Amino acid sequence: MVEKNYGNPELENKLRDRNYYVTDSNKDFSAEVKKLSGTISHMCYQCGTCTGSCPSAPRSSYRIRVFMRRAILGLEEEALSDPDLWLCTTCYSCSDRCPRDILPTDVIMAMRNLAFKTGHAVPKNFLQTVQLIYKTGHGVPNNDANRAVRERLGLPRDPPTTHTYPEYIPGIQKILDHYNLKAEADRILSEE
Ligand code: SF4
Ligand code: SF4
């Protein structure tokens, strides 16, 4: 089992004894997650199909079902300060398979947005991805190795994205600037 570090000894103690502390529950958090995700998170009946479908689960301590429970119980701090929040690959397997037609992926995305907004720790690689998108329009920009493979496959060296049409990059930068994402990513990374 991966050793967890929430940076909050009181929370770590509570998590160890597995009791549900009503005082930790924030109903507004449940409502906010539901609103941001646009999915019916309150309909989760904890069947576990999502975790059983999740490619991250066998490789880490990340359990999407736990986050679904936290969404329902309003356990804001448990959810937003858990480093596992950032281990979802957004593959959408859980959302394809949920028998209640919930979109757990979007619940995670909503929680990540709330974590960023409320100043919880965001992994460095996510912040670097923001910088790359700002610069190139891609979270994973093309490189010479990929270009050579594309060429061998008879494809253009660059895909028909901002790599081919860099004139669209300012539009992407405008969106990121609107949410202050690039400036915040720069600030947090410079403080590390
Ligand atoms: S598959 Fe759907 S209903 Fe089942 S635990 Fe996951 S989110 Fe809840
Ligand atoms: S979207 Fe995230 S939580 Fe859902 S199966 Fe994929 S990695 Fe797991």
# chains A, B, ... in the order shown; residues from 1 in each chain; ligands from 1
>>> residues_near_ligand(ligand="ligand 2", cutoff="6 Å", atoms="only C-alpha atoms and all ligand atoms", output="list in words")
Ser53, Cys54, Pro55, Ser56, Ile64, Cys88, Thr89, Thr90, Cys91, Tyr92, Ser93, Cys94 and Thr105 of chain A
>>> write_last_selection(atoms="C-alpha atoms", output="PDB file, in the first residue's frame")
ATOM      1  CA  SER A  53     -12.884  -0.819 -14.341  1.00  0.00           C
ATOM      2  CA  CYS A  54     -10.214   1.663 -13.348  1.00  0.00           C
ATOM      3  CA  PRO A  55      -6.698   1.206 -14.806  1.00  0.00           C
ATOM      4  CA  SER A  56      -5.218   3.262 -11.957  1.00  0.00           C
ATOM      5  CA  ILE A  64     -12.771   6.184  -7.480  1.00  0.00           C
ATOM      6  CA  CYS A  88      -7.308   9.464 -12.447  1.00  0.00           C
ATOM      7  CA  THR A  89      -6.231   9.255 -16.100  1.00  0.00           C
ATOM      8  CA  THR A  90      -9.651  10.522 -17.289  1.00  0.00           C
ATOM      9  CA  CYS A  91     -10.010   7.408 -19.469  1.00  0.00           C
ATOM     10  CA  TYR A  92     -13.797   7.365 -18.822  1.00  0.00           C
ATOM     11  CA  SER A  93     -13.960   3.534 -18.397  1.00  0.00           C
ATOM     12  CA  CYS A  94     -15.846   4.027 -15.123  1.00  0.00           C
ATOM     13  CA  THR A 105     -14.711  10.982 -14.195  1.00  0.00           C
TER      14      THR A 105
END
>>> residues_near_ligand(ligand="ligand 1", cutoff="12 Å", atoms="only C-alpha atoms and all ligand atoms", output="ChimeraX atom specification")
/A:39-54,63-72,92-108
>>> write_last_selection(atoms="N, CA and C atoms", output="short mmCIF file (atom, residue, chain, number, x, y, z; two decimals), in the first residue's frame")
data_model
loop_
_atom_site.label_atom_id
_atom_site.label_comp_id
_atom_site.auth_asym_id
_atom_site.auth_seq_id
_atom_site.Cartn_x
_atom_site.Cartn_y
_atom_site.Cartn_z
N THR A 39 -23.30 15.77 -13.16
CA THR A 39 -23.73 14.37 -13.13
C THR A 39 -24.43 14.08 -11.81
N ILE A 40 -25.13 12.94 -11.77
CA ILE A 40 -25.99 12.62 -10.63
C ILE A 40 -25.22 11.85 -9.56
N SER A 41 -24.18 12.50 -9.00
CA SER A 41 -23.32 11.78 -8.05
C SER A 41 -24.08 11.21 -6.86
N HIS A 42 -25.18 11.85 -6.45
CA HIS A 42 -25.94 11.37 -5.28
C HIS A 42 -26.61 10.02 -5.53
N MET A 43 -26.64 9.57 -6.80
CA MET A 43 -27.28 8.28 -7.11
C MET A 43 -26.33 7.09 -6.98
N CYS A 44 -25.09 7.34 -6.60
CA CYS A 44 -24.12 6.24 -6.46
C CYS A 44 -24.57 5.30 -5.34
N TYR A 45 -24.61 4.00 -5.64
CA TYR A 45 -24.97 3.04 -4.58
C TYR A 45 -23.79 2.13 -4.23
N GLN A 46 -22.58 2.61 -4.55
CA GLN A 46 -21.35 1.98 -4.07
C GLN A 46 -21.19 0.54 -4.55
N CYS A 47 -21.55 0.27 -5.80
CA CYS A 47 -21.41 -1.11 -6.30
C CYS A 47 -19.95 -1.47 -6.56
N GLY A 48 -19.12 -0.46 -6.85
CA GLY A 48 -17.69 -0.71 -7.08
C GLY A 48 -17.32 -1.00 -8.52
N THR A 49 -18.29 -0.97 -9.44
CA THR A 49 -17.97 -1.24 -10.85
C THR A 49 -16.93 -0.24 -11.38
N CYS A 50 -17.02 0.99 -10.90
CA CYS A 50 -16.07 2.01 -11.36
C CYS A 50 -14.64 1.64 -10.96
N THR A 51 -14.44 1.27 -9.72
CA THR A 51 -13.09 0.89 -9.27
C THR A 51 -12.62 -0.37 -9.99
N GLY A 52 -13.54 -1.30 -10.23
CA GLY A 52 -13.20 -2.53 -10.94
C GLY A 52 -12.80 -2.28 -12.38
N SER A 53 -13.20 -1.15 -12.94
CA SER A 53 -12.88 -0.82 -14.34
C SER A 53 -11.68 0.10 -14.46
N CYS A 54 -11.18 0.55 -13.34
CA CYS A 54 -10.21 1.66 -13.35
C CYS A 54 -8.77 1.17 -13.55
N ARG A 63 -8.91 4.93 -5.39
CA ARG A 63 -10.18 4.21 -5.54
C ARG A 63 -11.27 5.24 -5.85
N ILE A 64 -11.75 5.21 -7.08
CA ILE A 64 -12.77 6.18 -7.48
C ILE A 64 -14.05 6.04 -6.63
N ARG A 65 -14.37 4.81 -6.23
CA ARG A 65 -15.58 4.60 -5.41
C ARG A 65 -15.49 5.39 -4.10
N VAL A 66 -14.30 5.49 -3.53
CA VAL A 66 -14.12 6.24 -2.28
C VAL A 66 -14.44 7.72 -2.53
N PHE A 67 -13.99 8.23 -3.66
CA PHE A 67 -14.27 9.65 -3.96
C PHE A 67 -15.76 9.88 -4.21
N MET A 68 -16.45 8.87 -4.78
CA MET A 68 -17.89 9.00 -4.97
C MET A 68 -18.59 9.09 -3.61
N ARG A 69 -18.10 8.29 -2.67
CA ARG A 69 -18.69 8.31 -1.32
C ARG A 69 -18.43 9.66 -0.65
N ARG A 70 -17.23 10.17 -0.84
CA ARG A 70 -16.90 11.46 -0.25
C ARG A 70 -17.77 12.57 -0.84
N ALA A 71 -18.08 12.43 -2.14
CA ALA A 71 -18.94 13.43 -2.79
C ALA A 71 -20.31 13.43 -2.13
N ILE A 72 -20.84 12.24 -1.87
CA ILE A 72 -22.18 12.13 -1.28
C ILE A 72 -22.18 12.62 0.17
N TYR A 92 -12.33 7.49 -18.73
CA TYR A 92 -13.80 7.37 -18.82
C TYR A 92 -14.32 5.92 -18.81
N SER A 93 -13.46 4.92 -18.48
CA SER A 93 -13.96 3.53 -18.40
C SER A 93 -15.07 3.43 -17.35
N CYS A 94 -14.84 4.09 -16.20
CA CYS A 94 -15.85 4.03 -15.12
C CYS A 94 -17.16 4.65 -15.58
N SER A 95 -17.06 5.74 -16.31
CA SER A 95 -18.27 6.43 -16.77
C SER A 95 -19.02 5.58 -17.81
N ASP A 96 -18.27 4.83 -18.62
CA ASP A 96 -18.91 3.93 -19.59
C ASP A 96 -19.67 2.82 -18.89
N ARG A 97 -19.15 2.39 -17.73
CA ARG A 97 -19.68 1.16 -17.12
C ARG A 97 -20.59 1.36 -15.91
N CYS A 98 -20.65 2.54 -15.38
CA CYS A 98 -21.48 2.75 -14.18
C CYS A 98 -22.93 2.35 -14.45
N PRO A 99 -23.48 1.41 -13.66
CA PRO A 99 -24.85 0.95 -13.91
C PRO A 99 -25.90 2.03 -13.63
N ARG A 100 -25.51 3.10 -12.97
CA ARG A 100 -26.47 4.17 -12.68
C ARG A 100 -26.28 5.36 -13.63
N ASP A 101 -25.46 5.17 -14.64
CA ASP A 101 -25.21 6.24 -15.61
C ASP A 101 -24.66 7.52 -14.98
N ILE A 102 -23.87 7.33 -13.95
CA ILE A 102 -23.17 8.48 -13.35
C ILE A 102 -21.86 8.66 -14.11
N LEU A 103 -21.30 9.84 -14.10
CA LEU A 103 -20.00 10.07 -14.73
C LEU A 103 -18.96 10.35 -13.64
N PRO A 104 -18.39 9.28 -13.04
CA PRO A 104 -17.41 9.49 -11.95
C PRO A 104 -16.22 10.33 -12.41
N THR A 105 -15.84 10.18 -13.67
CA THR A 105 -14.71 10.98 -14.20
C THR A 105 -14.97 12.47 -14.00
N ASP A 106 -16.21 12.88 -14.27
CA ASP A 106 -16.52 14.30 -14.16
C ASP A 106 -16.60 14.75 -12.70
N VAL A 107 -16.90 13.80 -11.81
CA VAL A 107 -16.86 14.11 -10.37
C VAL A 107 -15.41 14.42 -9.97
N ILE A 108 -14.49 13.61 -10.47
CA ILE A 108 -13.07 13.85 -10.17
C ILE A 108 -12.63 15.20 -10.76
#
>>> residues_around(residues="range 117-132 of chain A", least_positions_apart="3", cutoff="12 Å", atoms="only C-alpha atoms", output="ChimeraX atom specification")
/A:5-8,29,76-87,89,110-114,135-142,169,172-173,175-177,179-192
>>> select_by_dssp(residues="range 42-72 of chain A", states="helix (DSSP H, G or I)", output="list of chain:residue names")
A:His42, A:Met43, A:Thr49, A:Cys50, A:Thr51, A:Gly52, A:Ser53, A:Ala57, A:Pro58, A:Arg59, A:Ile64, A:Arg65, A:Val66, A:Phe67, A:Met68, A:Arg69, A:Arg70, A:Ala71, A:Ile72
>>> atom_distance(atom1="CA of Phe116 in chain A", atom2="CA of Asp28 in chain A")
17.0 Å
>>> atom_distance(atom1="CA of Ser61 in chain A", atom2="CA of Lys4 in chain A")
8.8 Å
>>> atom_distance(atom1="CA of Lys14 in chain A", atom2="CA of Leu73 in chain A")
14.9 Å
>>> closest_residue(among="A:Ile133, A:Met109, A:Asp158, A:Gly171", to="Lys34 in chain A", atoms="only C-alpha atoms")
A:Met109
>>> decode(residues="range 13-150 of chain A", atoms="C-alpha atoms", output="tab-separated table (two decimals), in the first residue's frame")
chain	number	residue	atom	x	y	z
A	13	ASN	CA	-5.88	10.06	12.38
A	14	LYS	CA	-9.54	10.23	11.47
A	15	LEU	CA	-8.96	8.31	8.24
A	16	ARG	CA	-7.12	5.60	10.13
A	17	ASP	CA	-10.02	4.78	12.44
A	18	ARG	CA	-12.53	4.63	9.55
A	19	ASN	CA	-15.35	6.40	11.40
A	20	TYR	CA	-17.54	8.95	9.65
A	21	TYR	CA	-17.37	12.31	11.38
A	22	VAL	CA	-20.57	14.24	10.72
A	23	THR	CA	-18.80	17.42	11.76
A	24	ASP	CA	-16.47	17.02	8.75
A	25	SER	CA	-19.36	16.96	6.31
A	26	ASN	CA	-20.09	19.98	4.16
A	27	LYS	CA	-23.36	19.73	2.27
A	28	ASP	CA	-22.33	22.66	0.10
A	29	PHE	CA	-19.43	20.58	-1.16
A	30	SER	CA	-21.79	17.80	-2.32
A	31	ALA	CA	-23.96	20.37	-4.09
A	32	GLU	CA	-20.98	22.11	-5.67
A	33	VAL	CA	-19.52	18.84	-6.98
A	34	LYS	CA	-22.89	17.94	-8.44
A	35	LYS	CA	-23.24	21.34	-10.07
A	36	LEU	CA	-19.72	21.45	-11.51
A	37	SER	CA	-19.69	17.84	-12.70
A	38	GLY	CA	-23.20	17.99	-14.15
A	39	THR	CA	-23.73	14.37	-13.13
A	40	ILE	CA	-25.99	12.62	-10.63
A	41	SER	CA	-23.32	11.78	-8.05
A	42	HIS	CA	-25.94	11.37	-5.28
A	43	MET	CA	-27.28	8.28	-7.11
A	44	CYS	CA	-24.12	6.24	-6.46
A	45	TYR	CA	-24.97	3.04	-4.58
A	46	GLN	CA	-21.35	1.98	-4.07
A	47	CYS	CA	-21.41	-1.11	-6.30
A	48	GLY	CA	-17.69	-0.71	-7.08
A	49	THR	CA	-17.97	-1.24	-10.85
A	50	CYS	CA	-16.07	2.01	-11.36
A	51	THR	CA	-13.09	0.89	-9.27
A	52	GLY	CA	-13.20	-2.53	-10.94
A	53	SER	CA	-12.88	-0.82	-14.34
A	54	CYS	CA	-10.21	1.66	-13.35
A	55	PRO	CA	-6.70	1.21	-14.81
A	56	SER	CA	-5.22	3.26	-11.96
A	57	ALA	CA	-6.66	1.09	-9.18
A	58	PRO	CA	-4.37	-1.97	-9.56
A	59	ARG	CA	-1.32	0.31	-9.72
A	60	SER	CA	-2.02	2.66	-6.84
A	61	SER	CA	-4.12	3.33	-3.75
A	62	TYR	CA	-6.56	5.39	-5.83
A	63	ARG	CA	-10.18	4.21	-5.54
A	64	ILE	CA	-12.77	6.18	-7.48
A	65	ARG	CA	-15.58	4.60	-5.41
A	66	VAL	CA	-14.12	6.24	-2.28
A	67	PHE	CA	-14.27	9.65	-3.96
A	68	MET	CA	-17.89	9.00	-4.97
A	69	ARG	CA	-18.69	8.31	-1.32
A	70	ARG	CA	-16.90	11.46	-0.25
A	71	ALA	CA	-18.94	13.43	-2.79
A	72	ILE	CA	-22.18	12.13	-1.28
A	73	LEU	CA	-21.11	12.61	2.34
A	74	GLY	CA	-19.71	16.09	1.71
A	75	LEU	CA	-16.24	15.10	2.90
A	76	GLU	CA	-14.53	18.05	1.29
A	77	GLU	CA	-11.20	18.02	3.08
A	78	GLU	CA	-10.77	14.25	2.71
A	79	ALA	CA	-11.38	14.53	-1.02
A	80	LEU	CA	-9.46	17.69	-1.86
A	81	SER	CA	-6.36	17.00	0.21
A	82	ASP	CA	-6.00	13.37	-0.90
A	83	PRO	CA	-3.06	13.07	-3.34
A	84	ASP	CA	-4.93	10.20	-5.05
A	85	LEU	CA	-7.31	12.80	-6.51
A	86	TRP	CA	-4.68	13.36	-9.18
A	87	LEU	CA	-4.24	9.70	-10.19
A	88	CYS	CA	-7.31	9.46	-12.45
A	89	THR	CA	-6.23	9.25	-16.10
A	90	THR	CA	-9.65	10.52	-17.29
A	91	CYS	CA	-10.01	7.41	-19.47
A	92	TYR	CA	-13.80	7.37	-18.82
A	93	SER	CA	-13.96	3.53	-18.40
A	94	CYS	CA	-15.85	4.03	-15.12
A	95	SER	CA	-18.27	6.43	-16.77
A	96	ASP	CA	-18.91	3.93	-19.59
A	97	ARG	CA	-19.68	1.16	-17.12
A	98	CYS	CA	-21.48	2.75	-14.18
A	99	PRO	CA	-24.85	0.95	-13.91
A	100	ARG	CA	-26.47	4.17	-12.68
A	101	ASP	CA	-25.21	6.24	-15.61
A	102	ILE	CA	-23.17	8.48	-13.35
A	103	LEU	CA	-20.00	10.07	-14.73
A	104	PRO	CA	-17.41	9.49	-11.95
A	105	THR	CA	-14.71	10.98	-14.20
A	106	ASP	CA	-16.52	14.30	-14.16
A	107	VAL	CA	-16.86	14.11	-10.37
A	108	ILE	CA	-13.07	13.85	-10.17
A	109	MET	CA	-12.65	16.76	-12.59
A	110	ALA	CA	-15.01	18.88	-10.48
A	111	MET	CA	-13.05	18.01	-7.33
A	112	ARG	CA	-9.77	18.89	-9.03
A	113	ASN	CA	-11.16	22.26	-10.04
A	114	LEU	CA	-12.28	22.87	-6.47
A	115	ALA	CA	-8.90	21.74	-5.12
A	116	PHE	CA	-7.11	24.23	-7.36
A	117	LYS	CA	-9.56	27.01	-6.54
A	118	THR	CA	-9.24	26.48	-2.78
A	119	GLY	CA	-5.44	26.38	-2.76
A	120	HIS	CA	-4.93	22.65	-2.15
A	121	ALA	CA	-1.70	21.09	-3.39
A	122	VAL	CA	-1.66	20.39	-7.12
A	123	PRO	CA	1.02	18.02	-8.46
A	124	LYS	CA	3.84	19.71	-10.31
A	125	ASN	CA	3.25	17.79	-13.56
A	126	PHE	CA	-0.29	19.19	-13.83
A	127	LEU	CA	1.02	22.73	-13.47
A	128	GLN	CA	3.71	22.06	-16.07
A	129	THR	CA	0.99	20.77	-18.39
A	130	VAL	CA	-0.79	24.12	-18.06
A	131	GLN	CA	2.44	25.83	-19.11
A	132	LEU	CA	2.83	23.53	-22.11
A	133	ILE	CA	-0.74	24.06	-23.25
A	134	TYR	CA	-0.22	27.80	-22.97
A	135	LYS	CA	2.93	27.63	-25.04
A	136	THR	CA	2.01	25.02	-27.67
A	137	GLY	CA	-1.72	24.30	-27.41
A	138	HIS	CA	-0.86	20.71	-26.37
A	139	GLY	CA	-0.46	19.07	-22.98
A	140	VAL	CA	1.92	16.66	-24.71
A	141	PRO	CA	3.47	18.49	-27.67
A	142	ASN	CA	4.72	16.65	-30.71
A	143	ASN	CA	8.43	15.80	-30.82
A	144	ASP	CA	10.96	14.59	-33.38
A	145	ALA	CA	10.57	10.92	-32.41
A	146	ASN	CA	6.81	11.14	-33.02
A	147	ARG	CA	7.32	13.10	-36.21
A	148	ALA	CA	9.59	10.35	-37.58
A	149	VAL	CA	6.96	7.68	-36.75
A	150	ARG	CA	4.21	9.77	-38.34
